[in-house]
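Undergrad: Handing over model.cif, mmCIF, C-alpha atoms, pLDDT in the B column; chains and numbers go by the auth columns.
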```cif
data_model
loop_
_atom_site.group_PDB
_atom_site.id
_atom_site.type_symbol
_atom_site.label_atom_id
_atom_site.label_comp_id
_atom_site.label_asym_id
_atom_site.label_seq_id
_atom_site.Cartn_x
_atom_site.Cartn_y
_atom_site.Cartn_z
_atom_site.B_iso_or_equiv
_atom_site.auth_seq_id
_atom_site.auth_asym_id
ATOM 1 C CA MET A 1 149.313 146.396 210.832 44.00 98 A
ATOM 2 C CA SER A 2 149.547 142.630 211.279 44.00 99 A
ATOM 3 C CA LYS A 3 148.428 140.299 208.569 49.00 100 A
ATOM 4 C CA THR A 4 146.615 137.122 209.592 48.00 101 A
ATOM 5 C CA THR A 5 147.599 134.069 207.591 53.00 102 A
ATOM 6 C CA LYS A 6 145.514 130.952 207.341 57.00 103 A
ATOM 7 C CA THR A 7 147.557 127.969 208.475 66.00 104 A
ATOM 8 C CA ASP A 8 145.107 125.134 207.723 80.00 105 A
ATOM 9 C CA LYS A 9 146.170 123.207 210.792 84.00 106 A
ATOM 10 C CA PRO A 10 144.654 119.734 211.145 85.00 107 A
ATOM 11 C CA LEU A 11 141.842 119.516 213.661 84.00 108 A
ATOM 12 C CA PRO A 12 142.833 117.771 216.887 86.00 109 A
ATOM 13 C CA VAL A 13 141.043 114.565 217.854 88.00 110 A
ATOM 14 C CA HIS A 14 139.015 114.776 221.067 88.00 111 A
ATOM 15 C CA THR A 15 138.029 111.723 223.077 89.00 112 A
ATOM 16 C CA THR A 16 135.193 113.334 225.037 89.00 113 A
ATOM 17 C CA ASP A 17 132.350 115.716 224.280 88.00 114 A
ATOM 18 C CA GLU A 18 133.659 117.991 227.011 90.00 115 A
ATOM 19 C CA ALA A 19 137.089 118.257 225.380 89.00 116 A
ATOM 20 C CA ALA A 20 135.528 118.975 221.984 89.00 117 A
ATOM 21 C CA GLN A 21 133.270 121.633 223.492 92.00 118 A
ATOM 22 C CA ALA A 22 136.185 123.291 225.280 92.00 119 A
ATOM 23 C CA PHE A 23 138.164 123.320 222.029 91.00 120 A
ATOM 24 C CA THR A 24 135.365 124.899 219.982 88.00 121 A
ATOM 25 C CA ASP A 25 134.716 127.467 222.718 92.00 122 A
ATOM 26 C CA GLU A 26 138.330 128.675 222.565 91.00 123 A
ATOM 27 C CA ALA A 27 139.703 127.907 219.092 89.00 124 A
ATOM 28 C CA ASP A 28 139.663 130.109 216.003 89.00 125 A
ATOM 29 C CA LEU A 29 138.304 127.557 213.542 85.00 126 A
ATOM 30 C CA SER A 30 139.365 129.673 210.557 86.00 127 A
ATOM 31 C CA GLU A 31 142.916 128.478 211.271 88.00 128 A
ATOM 32 C CA TYR A 32 142.016 124.830 210.695 86.00 129 A
ATOM 33 C CA ASP A 33 141.551 122.699 207.605 85.00 130 A
ATOM 34 C CA LEU A 34 137.819 122.009 207.377 83.00 131 A
ATOM 35 C CA SER A 35 137.915 120.601 203.837 84.00 132 A
ATOM 36 C CA GLY A 36 137.102 117.094 205.067 82.00 133 A
ATOM 37 C CA PHE A 37 133.864 118.194 206.723 82.00 134 A
ATOM 38 C CA GLN A 38 130.629 116.791 205.345 81.00 135 A
ATOM 39 C CA PRO A 39 127.087 118.083 205.814 80.00 136 A
ATOM 40 C CA VAL A 40 125.194 116.427 208.645 74.00 137 A
ATOM 41 C CA THR A 41 121.464 116.274 209.151 70.00 138 A
ATOM 42 C CA PHE A 42 119.767 115.657 212.460 70.00 139 A
ATOM 43 C CA THR A 43 116.423 113.923 212.591 68.00 140 A
ATOM 44 C CA LEU A 44 114.746 115.058 215.752 72.00 141 A
ATOM 45 C CA GLY A 45 111.255 113.757 215.051 77.00 142 A
ATOM 46 C CA LYS A 46 109.707 110.942 217.010 82.00 143 A
ATOM 47 C CA LYS A 47 110.543 107.453 215.797 82.00 144 A
ATOM 48 C CA ASP A 48 107.262 105.674 216.415 87.00 145 A
ATOM 49 C CA ALA A 49 107.213 103.042 213.653 90.00 146 A
ATOM 50 C CA ARG A 50 109.197 99.820 213.607 91.00 147 A
ATOM 51 C CA LEU A 51 110.702 97.940 210.685 91.00 148 A
ATOM 52 C CA GLU A 52 111.879 94.359 210.774 94.00 149 A
ATOM 53 C CA MET A 53 113.896 92.909 207.918 94.00 150 A
ATOM 54 C CA ARG A 54 116.179 90.046 207.091 97.00 151 A
ATOM 55 C CA ILE A 55 119.624 90.610 205.595 97.00 152 A
ATOM 56 C CA SER A 56 122.532 88.276 205.002 98.00 153 A
ATOM 57 C CA GLN A 57 125.018 87.620 207.781 98.00 154 A
ATOM 58 C CA THR A 58 127.727 89.181 205.613 98.00 155 A
ATOM 59 C CA GLU A 59 125.689 92.374 205.169 98.00 156 A
ATOM 60 C CA LEU A 60 125.035 92.544 208.904 98.00 157 A
ATOM 61 C CA GLU A 61 128.716 92.079 209.722 98.00 158 A
ATOM 62 C CA THR A 62 129.641 94.791 207.204 98.00 159 A
ATOM 63 C CA LEU A 63 127.022 97.139 208.677 97.00 160 A
ATOM 64 C CA LYS A 64 128.240 96.495 212.221 97.00 161 A
ATOM 65 C CA ALA A 65 131.880 97.029 211.238 97.00 162 A
ATOM 66 C CA GLU A 66 131.094 100.336 209.528 96.00 163 A
ATOM 67 C CA ALA A 67 128.944 101.462 212.454 95.00 164 A
ATOM 68 C CA LYS A 68 131.770 100.630 214.852 95.00 165 A
ATOM 69 C CA ARG A 69 134.220 102.592 212.687 94.00 166 A
ATOM 70 C CA ARG A 70 131.863 105.593 212.853 91.00 167 A
ATOM 71 C CA GLY A 71 131.213 105.130 216.563 91.00 168 A
ATOM 72 C CA ILE A 72 127.443 104.732 216.283 93.00 169 A
ATOM 73 C CA PRO A 73 124.978 101.853 216.807 95.00 170 A
ATOM 74 C CA HIS A 74 124.417 99.704 213.726 96.00 171 A
ATOM 75 C CA SER A 75 120.656 100.294 213.857 94.00 172 A
ATOM 76 C CA ARG A 76 121.246 104.054 213.622 92.00 173 A
ATOM 77 C CA LEU A 77 123.537 103.558 210.630 94.00 174 A
ATOM 78 C CA ALA A 78 120.948 101.334 208.918 96.00 175 A
ATOM 79 C CA ARG A 79 118.302 104.023 209.490 93.00 176 A
ATOM 80 C CA ALA A 80 120.661 106.669 208.078 91.00 177 A
ATOM 81 C CA PHE A 81 121.204 104.563 204.949 95.00 178 A
ATOM 82 C CA ILE A 82 117.437 104.149 204.508 93.00 179 A
ATOM 83 C CA GLU A 83 116.852 107.891 205.019 88.00 180 A
ATOM 84 C CA GLN A 84 119.613 108.716 202.520 89.00 181 A
ATOM 85 C CA GLY A 85 118.061 106.402 199.937 92.00 182 A
ATOM 86 C CA LEU A 86 114.598 107.863 200.483 88.00 183 A
ATOM 87 C CA ARG A 87 115.886 111.428 200.064 86.00 184 A
ATOM 88 C CA ALA A 88 117.374 110.429 196.709 89.00 185 A
ATOM 89 C CA LEU A 89 113.995 109.329 195.353 90.00 186 A
ATOM 90 C CA PRO A 90 112.161 111.727 193.032 88.00 187 A
ATOM 91 C CA LEU A 91 109.376 113.624 194.791 76.00 188 A
ATOM 92 C CA SER A 92 110.715 112.598 198.167 58.00 189 A
ATOM 93 C CA PRO A 93 108.963 114.582 200.930 61.00 190 A
ATOM 94 C CA ARG A 94 112.295 114.986 202.753 55.00 191 A
#
```
If you convert what's in this file into structure tokens, what do you get?
TA:
Amino acid sequence: MSKTTKTDKPLPVHTTDEAAQAFTDEADLSEYDLSGFQPVTFTLGKKDARLEMRISQTELETLKAEAKRRGIPHSRLARAFIEQGLRALPLSPR
């Protein structure tokens, strides 16, 4: 009888969606270290309202740099920050 041991290998980095999909189709994810994973929420509802605001140039540059680091548009990151703040409010509908 063979005993399976968990190796906690680091997850490989994939540069395309296709490569990531191929990896997850074939890999046994129980062999990998998933401790760095964080919960993700997807907002699929229609975005039909607009918001315009003014922020400092420094704040905008910081937002853009963080969005670039995450690989997403800065407007999406700003929306995520707003959604996160709204969820933290008491009696938030989300």
Undergrad: Take the PyMOL selection byres ((chain A and resi 128-142) around 7), run it mentally on this structure, and tell me the resulting residues as a PDB file with C-alpha atoms, keeping the file's coordinate frame.
TA:
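Listed below is the output, part26.pdb:
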```pdb
ATOM      1  CA  LYS A 103     145.514 130.952 207.341  1.00 57.00           C
ATOM      2  CA  THR A 104     147.557 127.969 208.475  1.00 66.00           C
ATOM      3  CA  ASP A 105     145.107 125.134 207.723  1.00 80.00           C
ATOM      4  CA  LYS A 106     146.170 123.207 210.792  1.00 84.00           C
ATOM      5  CA  PRO A 107     144.654 119.734 211.145  1.00 85.00           C
ATOM      6  CA  LEU A 108     141.842 119.516 213.661  1.00 84.00           C
ATOM      7  CA  ASP A 125     139.663 130.109 216.003  1.00 89.00           C
ATOM      8  CA  LEU A 126     138.304 127.557 213.542  1.00 85.00           C
ATOM      9  CA  SER A 127     139.365 129.673 210.557  1.00 86.00           C
ATOM     10  CA  LYS A 143     109.707 110.942 217.010  1.00 82.00           C
ATOM     11  CA  LYS A 144     110.543 107.453 215.797  1.00 82.00           C
TER      12      LYS A 144
END
```
Undergrad: Which distance in Å separates atom CA of A:Arg167 and atom CA of A:Asp114, to one decimal?
TA: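 Value for the atom CA of A:Arg167-atom CA of A:Asp114 distance: 15.3 Å.
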Undergrad: Written as a ChimeraX atom specification, what is the full residue list that the PyMOL selection byres ((chain A and resi 172-175) around 12) yields on the file shown?
TA: /A:139-140,144,147-150,152,156-157,159-171,176-182
Undergrad: Could you tell me how far atom CA of A:Pro109 sits from atom CA of A:Ala124, in Å to one decimal place?
TA: 10.8 Å
Undergrad: Which distance in Å separates atom CA of A:Glu158 and atom CA of A:Ala185, to one decimal?
TA: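 Taking atom CA of A:Glu158 and atom CA of A:Ala185, their separation equals 25.2 Å.
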Undergrad: Using 3 Å of padding on each side, determine the axis-aligned box around all atoms of stretch 148-160 of chain A present in the file and give its centre and edge lengths in Å to one decimal, as lines of an AutoDock Vina configuration file.
TA:
```
center_x = 120.2
center_y = 92.8
center_z = 207.9
size_x = 24.9
size_y = 16.3
size_z = 11.8
```
